[in-house]
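*Asks:* Input: one structure, supplied below.
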Amino acid sequence: MQIKPLFDRVLLRPTTETVTDAGIYVPKDALERSLVMTVMAVGDGVMEDGTRTTMVVKPADCVLVAKYAGTEVAQGEEKWVMVRQCDLLATIVASDQ
């Protein structure tokens, strides 16, 4: 089964780091939901005043998300977050670009 977002929705995969920079193991139960996520799929945009809004992000982009934004979606052991494009705060770009 594949999830395809509708309208201005974005499907995200949370980054789950279980080892800190200092090398300390953190169990998944102790982790808060990450604010940095990877875009997995985007919708086609929404119609406003007869024109379709363009989606700013694309799959594989790394984004910063508002803390309580979105709806958690689970399929088996895989967990994603579905948000509106307006709930995205920023894209994260590697410093070498």
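Residues in the structure tokens are numbered from 1 in each chain, the chains being A, B, ... in the order shown, and ligands are numbered from 1 in the order shown.
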Within 6 Å of region 33-44 of chain A, counting only C-alpha atoms, which residues qualify if same-chain residues fewer than 3 places away don't, as a PDB file with N, CA and C atoms, in the first residue's frame?
*Replies:*
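Once everything was written out, this is selection.pdb:
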ATOM      1  N   PRO A   5      -0.527  11.880  -0.567  1.00  0.00           N
ATOM      2  CA  PRO A   5      -1.219  13.016   0.036  1.00  0.00           C
ATOM      3  C   PRO A   5      -2.112  13.732  -0.977  1.00  0.00           C
ATOM      4  N   LEU A   6      -3.190  14.317  -0.487  1.00  0.00           N
ATOM      5  CA  LEU A   6      -4.099  15.097  -1.315  1.00  0.00           C
ATOM      6  C   LEU A   6      -3.901  16.579  -1.058  1.00  0.00           C
ATOM      7  N   PHE A   7      -4.235  17.392  -2.057  1.00  0.00           N
ATOM      8  CA  PHE A   7      -4.226  18.848  -1.965  1.00  0.00           C
ATOM      9  C   PHE A   7      -2.876  19.383  -1.491  1.00  0.00           C
ATOM     10  N   ASP A   8      -2.844  20.144  -0.394  1.00  0.00           N
ATOM     11  CA  ASP A   8      -1.595  20.764   0.070  1.00  0.00           C
ATOM     12  C   ASP A   8      -0.971  19.985   1.227  1.00  0.00           C
ATOM     13  N   ARG A   9      -1.229  18.702   1.302  1.00  0.00           N
ATOM     14  CA  ARG A   9      -0.682  17.870   2.380  1.00  0.00           C
ATOM     15  C   ARG A   9       0.705  17.335   1.993  1.00  0.00           C
ATOM     16  N   VAL A  10       1.510  17.091   3.030  1.00  0.00           N
ATOM     17  CA  VAL A  10       2.863  16.566   2.846  1.00  0.00           C
ATOM     18  C   VAL A  10       3.037  15.382   3.784  1.00  0.00           C
ATOM     19  N   LEU A  11       3.547  14.264   3.267  1.00  0.00           N
ATOM     20  CA  LEU A  11       3.819  13.078   4.072  1.00  0.00           C
ATOM     21  C   LEU A  11       5.285  13.098   4.477  1.00  0.00           C
ATOM     22  N   LEU A  12       5.546  13.001   5.784  1.00  0.00           N
ATOM     23  CA  LEU A  12       6.902  13.120   6.319  1.00  0.00           C
ATOM     24  C   LEU A  12       7.304  11.872   7.090  1.00  0.00           C
ATOM     25  N   ARG A  13       8.598  11.572   7.071  1.00  0.00           N
ATOM     26  CA  ARG A  13       9.140  10.513   7.916  1.00  0.00           C
ATOM     27  C   ARG A  13      10.016  11.168   8.970  1.00  0.00           C
ATOM     28  N   PRO A  14       9.670  10.967  10.261  1.00  0.00           N
ATOM     29  CA  PRO A  14      10.500  11.551  11.326  1.00  0.00           C
ATOM     30  C   PRO A  14      11.888  10.924  11.336  1.00  0.00           C
ATOM     31  N   THR A  15      12.889  11.733  11.628  1.00  0.00           N
ATOM     32  CA  THR A  15      14.227  11.193  11.803  1.00  0.00           C
ATOM     33  C   THR A  15      14.307  10.628  13.209  1.00  0.00           C
ATOM     34  N   PRO A  59       9.813  15.442  -2.615  1.00  0.00           N
ATOM     35  CA  PRO A  59      10.320  14.270  -1.896  1.00  0.00           C
ATOM     36  C   PRO A  59      11.841  14.332  -1.731  1.00  0.00           C
ATOM     37  N   ALA A  60      12.297  13.854  -0.595  1.00  0.00           N
ATOM     38  CA  ALA A  60      13.705  13.800  -0.180  1.00  0.00           C
ATOM     39  C   ALA A  60      14.197  15.104   0.449  1.00  0.00           C
ATOM     40  N   ASP A  61      13.380  16.181   0.460  1.00  0.00           N
ATOM     41  CA  ASP A  61      13.775  17.406   1.152  1.00  0.00           C
ATOM     42  C   ASP A  61      13.761  17.154   2.659  1.00  0.00           C
ATOM     43  N   CYS A  62      14.638  17.837   3.369  1.00  0.00           N
ATOM     44  CA  CYS A  62      14.672  17.779   4.835  1.00  0.00           C
ATOM     45  C   CYS A  62      14.029  19.072   5.332  1.00  0.00           C
ATOM     46  N   VAL A  63      13.028  18.944   6.222  1.00  0.00           N
ATOM     47  CA  VAL A  63      12.264  20.113   6.662  1.00  0.00           C
ATOM     48  C   VAL A  63      12.176  20.187   8.187  1.00  0.00           C
ATOM     49  N   LEU A  64      11.893  21.386   8.679  1.00  0.00           N
ATOM     50  CA  LEU A  64      11.649  21.633  10.090  1.00  0.00           C
ATOM     51  C   LEU A  64      10.145  21.850  10.239  1.00  0.00           C
ATOM     52  N   VAL A  65       9.535  21.137  11.197  1.00  0.00           N
ATOM     53  CA  VAL A  65       8.082  21.138  11.343  1.00  0.00           C
ATOM     54  C   VAL A  65       7.704  21.733  12.703  1.00  0.00           C
TER      55      VAL A  65
END
